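Asks: I have a structure here, written as structure tokens, and I will follow up with some questions on it.
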Amino acid sequence: MEWNQETLQFLSQCFLHTLSPSPAPRRQPESSLADAANRPSYALAVLRLVAEPSVDEQIRQAAAVNFKNHLRARWASLPTPHDAETALKKTEGAFLEIADRMVGENPELALMGSCVLVMLMRGEDIYLMNVGDSRAILAQKGKSGAKGTACRIDSSDSGDQFDEMHNLISLQLTQDHSTYVEEEVHRIRNEHPDDASAVVNDRVKGYLKVTRAFGAGFLKQLCFHYRPKWNNALLEMFRIDYIGTSPYITCTPSQSHHRLRPRDRFLILSSDGLNQCFTNQEAISEVDSFLSSFPEGDPRNTWSRKCCSEPPSKPVRNPTQSRLISD
């Protein structure tokens with residue numbers, strides 16, 4: 001389904017009529033939407049409608065519900081790791097194609113990118129996919145020295161992180177992709193052996209600390225054949241000297257699985273902003289303390305205020321990381 005004015009009008013009218021309180025006016029538009037849902041790029045078109053500010057808010061809300069149900073119906077069967085990675089790369093490809101068409105008027109699109117963190121929970125099973133340095137941190141009841149059962153990445157001292165007061169262990173279920181991870185730096189330098197500035201000052205090409213990201217086409221443009229246009233569109237200060245034939249950063253995700261156990265307490269999904277203020281252990285201790293005092297409260301608002309008003313006492317830097325993986 002190609003995104004254009006005709007598509008915008010078609011979807012808007014369909015969603016408008018699905019809001020009717022009477023069944024009869026809803027039948028035809030619901031049937032039309034069901035047929036359209038089988039066309040390629042339908043979900044992307046609906047998502048663009050949701051983000052279109054010129055469309056009535058009620059229509060956008062109806063489209064958002066449809067988008068959620070569309071994804072839920074197509075995830076009825078559990079996707080394999082390959083399916084999840086393929087879906088992510090196809091989504092990125094669609095974004096880069098749109099950005100490429102608009103980069104002449106909006107050159108900043110060549111720089112735009114994001115980390116990705118996706119969690120799928122089915123029964124007692126948690127499946128995670130991440131790109132960049134967003135994290136999933138699990139708090140478990142346990143004893144000091146207990147072994148992790150999923151991917152564990154310590155963020156401060158070696159060994160399990162242990163909260164003496166509440167007997168909590170922090171387990172990081174995702175893997176960071178940043179220049180703080182030695183394996184990631186080696187990978188980039190091995191793929192660009194002739195580029196001494198592939199990683200400089202702890203940043204990829206002197207720009208990004210993350211080594212994998214969604215978008216940021218100016219650092220992966222050769223694999224999409226965008227190099228001349230994207231580099232020329234940028235201000236000179238943002239242009240890079242692209243050496244070699246490999247992308248500097250990729251959108252290849254890390255994936256992990258964890259089966260919930262009785263000693264699992266809660267899971268934190270966070271971006272790097274939280275990780276820069278708190279170690280993994282500090283994060284679960286803050287949440288545990290908050291939930292003990294306010295069982296029905298929402299720790300996100302409290303954390304937002306705390307991170308903005310109280311800078312960390314010391315920068316949190318990720319050391320070389322170790323992984324323990326089991327299914």
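Going through the structure tokens in order, the chains are called A, B, and so on, while each chain numbers its residues from 1 and the ligands are numbered from 1 in the order shown.
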Within 12 Å of Ala36 (chain A), counting only C-alpha atoms, which residues qualify if same-chain residues fewer than 2 places away don't, as a count of residues only?

Replies: 23

Asks: So how many Å separate CA of Thr18 (chain A) and CA of Ala64 (chain A), to one decimal?

Replies: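 Interatomic distance, CA of Thr18 (chain A) to CA of Ala64 (chain A): 12.9 Å.
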
Asks: Could you tell me how far CA of Val199 (chain A) sits from CA of Glu85 (chain A), in Å to one decimal place?

Replies: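 It comes out at 25.6 Å.
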
Asks: Which residue is closest to Phe214 (chain A)? Choose from A:Lys89, A:Arg135, A:Arg122, A:Arg239 and count only C-alpha atoms.

Replies: A:Lys89

Asks: Do you know which residues are at most 12 Å from Pro81 (chain A) counting only C-alpha atoms, after dropping those on the same chain fewer than 2 positions away, and could you put them as a list in words?

Replies: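 Once the nearby chain positions are removed, what remains is Leu78, Pro79, Asp83, Ala84, Glu85, Thr86, Ala87, Leu88, Leu120, Tyr127, Leu128, Met129, Asn130, Thr252, Pro253, Ser254, Gln255, Ser256 and His257 of chain A.
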
Asks: Which one is closest to Ala139 (chain A): A:Met119, A:Ile169, A:Val200, A:Ile240? Count only C-alpha atoms.

Replies: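 So, comparing all the options, the nearest one is A:Ile169.
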
Asks: With a distance cut-off of 12 Å and only C-alpha atoms, select the neighbouring residues of Asn201 (chain A), excluding the residue or stretch itself and same-chain residues fewer than 6 positions from it, and output the selection as a list in words.

Replies: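 Once the nearby chain positions are removed, what remains is Thr179, Tyr180, Val185, Tyr207, Leu208 and Lys209 of chain A.
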
Asks: So which residues touch Cys251 (chain A) within 10 Å, counting only C-alpha atoms, skipping near sequence neighbours fewer than 5 positions away, as a list of chain:residue names?

Replies: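 My list of contacting residues is A:Glu85, A:Leu88, A:Lys89, A:Glu92, A:Ser114, A:Cys115, A:Val116, A:Asn130, A:Val131, A:Gly132, A:Thr211, A:Arg212, A:Ala213, A:Phe214, A:Gly215, A:Ala216, A:Lys220.
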
Asks: Take the selection from the previous step and output its residues with N, CA, C and O atoms, as a PDB file, in the first residue's frame.

Replies:
```pdb
ATOM      1  N   GLU A  85      14.137 -10.357  13.563  1.00  0.00           N
ATOM      2  CA  GLU A  85      15.233  -9.591  12.953  1.00  0.00           C
ATOM      3  C   GLU A  85      14.855  -9.119  11.559  1.00  0.00           C
ATOM      4  O   GLU A  85      15.130  -7.971  11.180  1.00  0.00           O
ATOM      5  N   LEU A  88      12.446  -6.191  11.787  1.00  0.00           N
ATOM      6  CA  LEU A  88      13.137  -4.959  12.179  1.00  0.00           C
ATOM      7  C   LEU A  88      13.889  -4.364  10.997  1.00  0.00           C
ATOM      8  O   LEU A  88      13.821  -3.151  10.751  1.00  0.00           O
ATOM      9  N   LYS A  89      14.585  -5.187  10.248  1.00  0.00           N
ATOM     10  CA  LYS A  89      15.368  -4.682   9.124  1.00  0.00           C
ATOM     11  C   LYS A  89      14.469  -4.177   7.992  1.00  0.00           C
ATOM     12  O   LYS A  89      14.809  -3.203   7.302  1.00  0.00           O
ATOM     13  N   GLU A  92      13.308  -0.779   9.104  1.00  0.00           N
ATOM     14  CA  GLU A  92      14.370   0.208   8.920  1.00  0.00           C
ATOM     15  C   GLU A  92      14.542   0.543   7.440  1.00  0.00           C
ATOM     16  O   GLU A  92      14.747   1.712   7.073  1.00  0.00           O
ATOM     17  N   SER A 114      17.773   5.749  16.228  1.00  0.00           N
ATOM     18  CA  SER A 114      17.240   5.424  17.545  1.00  0.00           C
ATOM     19  C   SER A 114      17.720   4.051  17.976  1.00  0.00           C
ATOM     20  O   SER A 114      18.028   3.186  17.140  1.00  0.00           O
ATOM     21  N   CYS A 115      17.787   3.868  19.294  1.00  0.00           N
ATOM     22  CA  CYS A 115      17.974   2.524  19.828  1.00  0.00           C
ATOM     23  C   CYS A 115      16.622   1.811  19.811  1.00  0.00           C
ATOM     24  O   CYS A 115      15.572   2.443  19.677  1.00  0.00           O
ATOM     25  N   VAL A 116      16.640   0.502  19.936  1.00  0.00           N
ATOM     26  CA  VAL A 116      15.415  -0.297  19.884  1.00  0.00           C
ATOM     27  C   VAL A 116      15.412  -1.280  21.055  1.00  0.00           C
ATOM     28  O   VAL A 116      16.438  -1.900  21.343  1.00  0.00           O
ATOM     29  N   ASN A 130      17.012  -6.233  21.183  1.00  0.00           N
ATOM     30  CA  ASN A 130      17.485  -4.859  21.376  1.00  0.00           C
ATOM     31  C   ASN A 130      18.580  -4.495  20.393  1.00  0.00           C
ATOM     32  O   ASN A 130      19.325  -5.351  19.903  1.00  0.00           O
ATOM     33  N   VAL A 131      18.633  -3.208  20.094  1.00  0.00           N
ATOM     34  CA  VAL A 131      19.673  -2.614  19.269  1.00  0.00           C
ATOM     35  C   VAL A 131      20.117  -1.344  19.981  1.00  0.00           C
ATOM     36  O   VAL A 131      19.281  -0.486  20.297  1.00  0.00           O
ATOM     37  N   GLY A 132      21.398  -1.213  20.269  1.00  0.00           N
ATOM     38  CA  GLY A 132      21.892  -0.025  20.959  1.00  0.00           C
ATOM     39  C   GLY A 132      22.101  -0.279  22.433  1.00  0.00           C
ATOM     40  O   GLY A 132      22.417  -1.400  22.846  1.00  0.00           O
ATOM     41  N   THR A 211      26.992   1.369  18.838  1.00  0.00           N
ATOM     42  CA  THR A 211      27.594   0.697  17.687  1.00  0.00           C
ATOM     43  C   THR A 211      26.551   0.007  16.811  1.00  0.00           C
ATOM     44  O   THR A 211      26.884  -0.526  15.763  1.00  0.00           O
ATOM     45  N   ARG A 212      25.312  -0.002  17.270  1.00  0.00           N
ATOM     46  CA  ARG A 212      24.189  -0.511  16.474  1.00  0.00           C
ATOM     47  C   ARG A 212      23.004   0.415  16.726  1.00  0.00           C
ATOM     48  O   ARG A 212      22.789   0.856  17.859  1.00  0.00           O
ATOM     49  N   ALA A 213      22.261   0.700  15.679  1.00  0.00           N
ATOM     50  CA  ALA A 213      21.135   1.623  15.822  1.00  0.00           C
ATOM     51  C   ALA A 213      20.183   1.464  14.649  1.00  0.00           C
ATOM     52  O   ALA A 213      20.563   0.999  13.568  1.00  0.00           O
ATOM     53  N   PHE A 214      18.935   1.860  14.880  1.00  0.00           N
ATOM     54  CA  PHE A 214      17.916   1.954  13.841  1.00  0.00           C
ATOM     55  C   PHE A 214      18.088   3.315  13.168  1.00  0.00           C
ATOM     56  O   PHE A 214      18.137   4.340  13.831  1.00  0.00           O
ATOM     57  N   GLY A 215      18.198   3.332  11.838  1.00  0.00           N
ATOM     58  CA  GLY A 215      18.377   4.603  11.133  1.00  0.00           C
ATOM     59  C   GLY A 215      19.833   5.022  11.118  1.00  0.00           C
ATOM     60  O   GLY A 215      20.725   4.202  10.908  1.00  0.00           O
ATOM     61  N   ALA A 216      20.081   6.348  11.325  1.00  0.00           N
ATOM     62  CA  ALA A 216      21.444   6.906  11.259  1.00  0.00           C
ATOM     63  C   ALA A 216      22.111   6.483   9.949  1.00  0.00           C
ATOM     64  O   ALA A 216      23.219   5.963   9.921  1.00  0.00           O
ATOM     65  N   LYS A 220      25.716   4.111   7.633  1.00  0.00           N
ATOM     66  CA  LYS A 220      25.508   2.792   7.045  1.00  0.00           C
ATOM     67  C   LYS A 220      25.060   2.920   5.592  1.00  0.00           C
ATOM     68  O   LYS A 220      24.508   2.006   5.005  1.00  0.00           O
TER      69      LYS A 220
END
```

Asks: Name the residues in contact with region 261-268 of chain A at a cut-off of 10 Å, using only C-alpha atoms, excluding same-chain residues fewer than 3 positions from it; report them as an NGL selection string.

Replies: :A and (124-125 or 135-142 or 149 or 168-173 or 258 or 271 or 280 or 283-284 or 287-288)

Asks: Produce a file of the selected residues containing N, CA, C and O atoms, as an mmCIF file, in the first residue's frame.

Replies:
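Contents of selection_13.cif, freshly written:
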```cif
data_model
loop_
_atom_site.group_PDB
_atom_site.id
_atom_site.type_symbol
_atom_site.label_atom_id
_atom_site.label_comp_id
_atom_site.auth_asym_id
_atom_site.auth_seq_id
_atom_site.Cartn_x
_atom_site.Cartn_y
_atom_site.Cartn_z
ATOM 1 N N GLU A 124 4.685 -17.522 30.618
ATOM 2 C CA GLU A 124 5.834 -17.372 31.512
ATOM 3 C C GLU A 124 7.114 -17.039 30.757
ATOM 4 O O GLU A 124 8.181 -16.932 31.375
ATOM 5 N N ASP A 125 7.031 -16.888 29.449
ATOM 6 C CA ASP A 125 8.224 -16.660 28.634
ATOM 7 C C ASP A 125 8.346 -15.188 28.235
ATOM 8 O O ASP A 125 7.382 -14.573 27.789
ATOM 9 N N ARG A 135 18.131 -1.024 27.857
ATOM 10 C CA ARG A 135 18.313 -2.242 28.647
ATOM 11 C C ARG A 135 17.008 -2.792 29.205
ATOM 12 O O ARG A 135 16.067 -2.056 29.470
ATOM 13 N N ALA A 136 17.018 -4.104 29.418
ATOM 14 C CA ALA A 136 15.991 -4.788 30.207
ATOM 15 C C ALA A 136 16.705 -5.368 31.425
ATOM 16 O O ALA A 136 17.622 -6.180 31.282
ATOM 17 N N ILE A 137 16.281 -4.927 32.606
ATOM 18 C CA ILE A 137 16.945 -5.326 33.851
ATOM 19 C C ILE A 137 15.931 -6.040 34.729
ATOM 20 O O ILE A 137 14.895 -5.475 35.091
ATOM 21 N N LEU A 138 16.220 -7.271 35.091
ATOM 22 C CA LEU A 138 15.318 -8.087 35.900
ATOM 23 C C LEU A 138 15.778 -8.083 37.350
ATOM 24 O O LEU A 138 16.970 -8.226 37.638
ATOM 25 N N ALA A 139 14.835 -7.902 38.266
ATOM 26 C CA ALA A 139 15.121 -8.005 39.701
ATOM 27 C C ALA A 139 14.639 -9.359 40.195
ATOM 28 O O ALA A 139 13.481 -9.730 39.980
ATOM 29 N N GLN A 140 15.551 -10.089 40.827
ATOM 30 C CA GLN A 140 15.228 -11.417 41.335
ATOM 31 C C GLN A 140 15.531 -11.503 42.820
ATOM 32 O O GLN A 140 16.495 -10.916 43.309
ATOM 33 N N LYS A 141 14.724 -12.281 43.519
ATOM 34 C CA LYS A 141 15.079 -12.677 44.870
ATOM 35 C C LYS A 141 16.163 -13.740 44.769
ATOM 36 O O LYS A 141 16.124 -14.603 43.913
ATOM 37 N N GLY A 142 17.132 -13.673 45.643
ATOM 38 C CA GLY A 142 18.168 -14.681 45.581
ATOM 39 C C GLY A 142 19.176 -14.493 46.681
ATOM 40 O O GLY A 142 19.031 -13.632 47.550
ATOM 41 N N THR A 149 20.223 -16.856 35.244
ATOM 42 C CA THR A 149 19.601 -17.873 34.410
ATOM 43 C C THR A 149 19.351 -17.388 33.001
ATOM 44 O O THR A 149 18.882 -18.131 32.170
ATOM 45 N N LEU A 168 17.915 -8.791 46.671
ATOM 46 C CA LEU A 168 17.621 -8.698 45.248
ATOM 47 C C LEU A 168 18.893 -8.767 44.419
ATOM 48 O O LEU A 168 19.908 -8.145 44.752
ATOM 49 N N ILE A 169 18.819 -9.506 43.334
ATOM 50 C CA ILE A 169 19.916 -9.599 42.368
ATOM 51 C C ILE A 169 19.450 -8.958 41.062
ATOM 52 O O ILE A 169 18.331 -9.191 40.618
ATOM 53 N N SER A 170 20.288 -8.142 40.453
ATOM 54 C CA SER A 170 19.942 -7.537 39.160
ATOM 55 C C SER A 170 20.545 -8.356 38.037
ATOM 56 O O SER A 170 21.737 -8.657 38.042
ATOM 57 N N LEU A 171 19.714 -8.738 37.097
ATOM 58 C CA LEU A 171 20.152 -9.494 35.914
ATOM 59 C C LEU A 171 19.808 -8.691 34.672
ATOM 60 O O LEU A 171 18.642 -8.374 34.437
ATOM 61 N N GLN A 172 20.801 -8.349 33.881
ATOM 62 C CA GLN A 172 20.550 -7.632 32.633
ATOM 63 C C GLN A 172 20.271 -8.653 31.539
ATOM 64 O O GLN A 172 21.121 -9.485 31.218
ATOM 65 N N LEU A 173 19.086 -8.575 30.961
ATOM 66 C CA LEU A 173 18.654 -9.567 29.975
ATOM 67 C C LEU A 173 19.011 -9.172 28.545
ATOM 68 O O LEU A 173 18.778 -9.951 27.626
ATOM 69 N N HIS A 258 13.992 -15.488 28.456
ATOM 70 C CA HIS A 258 14.011 -15.783 29.891
ATOM 71 C C HIS A 258 12.654 -16.332 30.290
ATOM 72 O O HIS A 258 11.620 -15.766 29.934
ATOM 73 N N SER A 271 15.927 3.343 28.733
ATOM 74 C CA SER A 271 16.842 3.883 27.726
ATOM 75 C C SER A 271 18.152 4.242 28.403
ATOM 76 O O SER A 271 18.300 4.112 29.626
ATOM 77 N N ASN A 280 22.740 -0.899 37.309
ATOM 78 C CA ASN A 280 21.605 -1.821 37.315
ATOM 79 C C ASN A 280 21.112 -2.069 38.730
ATOM 80 O O ASN A 280 19.907 -2.099 38.998
ATOM 81 N N ALA A 283 19.254 0.856 40.140
ATOM 82 C CA ALA A 283 17.934 0.988 39.516
ATOM 83 C C ALA A 283 16.914 0.075 40.186
ATOM 84 O O ALA A 283 15.813 0.519 40.546
ATOM 85 N N ILE A 284 17.253 -1.201 40.391
ATOM 86 C CA ILE A 284 16.269 -2.101 41.013
ATOM 87 C C ILE A 284 16.054 -1.740 42.474
ATOM 88 O O ILE A 284 14.960 -1.909 43.012
ATOM 89 N N VAL A 287 13.511 1.154 42.500
ATOM 90 C CA VAL A 287 12.151 0.678 42.227
ATOM 91 C C VAL A 287 11.606 -0.110 43.408
ATOM 92 O O VAL A 287 10.447 0.060 43.830
ATOM 93 N N ASP A 288 12.441 -0.982 43.977
ATOM 94 C CA ASP A 288 12.007 -1.785 45.110
ATOM 95 C C ASP A 288 11.618 -0.896 46.300
ATOM 96 O O ASP A 288 10.593 -1.116 46.944
#
```

Asks: So the first atom is CA of Val55 (chain A) and the second is CA of Asn69 (chain A); what is the distance between them in Å, to one decimal place?

Replies: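 So the answer is 20.4 Å.
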
Asks: For a quick check of understanding, using only C-alpha atoms, which of A:Glu6, A:Pro247, A:Pro295, A:Glu108 has the smallest distance to Asn190 (chain A)?

Replies: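 Checking each of A:Glu6, A:Pro247, A:Pro295, A:Glu108 against Asn190 (chain A), counting only C-alpha atoms, the winner is A:Pro247.
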
Asks: Could you find all residues in region 63-298 of chain A that DSSP calls helix (DSSP H, G or I) from the backbone, and write them as a ChimeraX atom specification?

Replies: /A:63-74,81-102,107-110,182-191,217-219,221-224,227-233,236-238,272-277,280-293
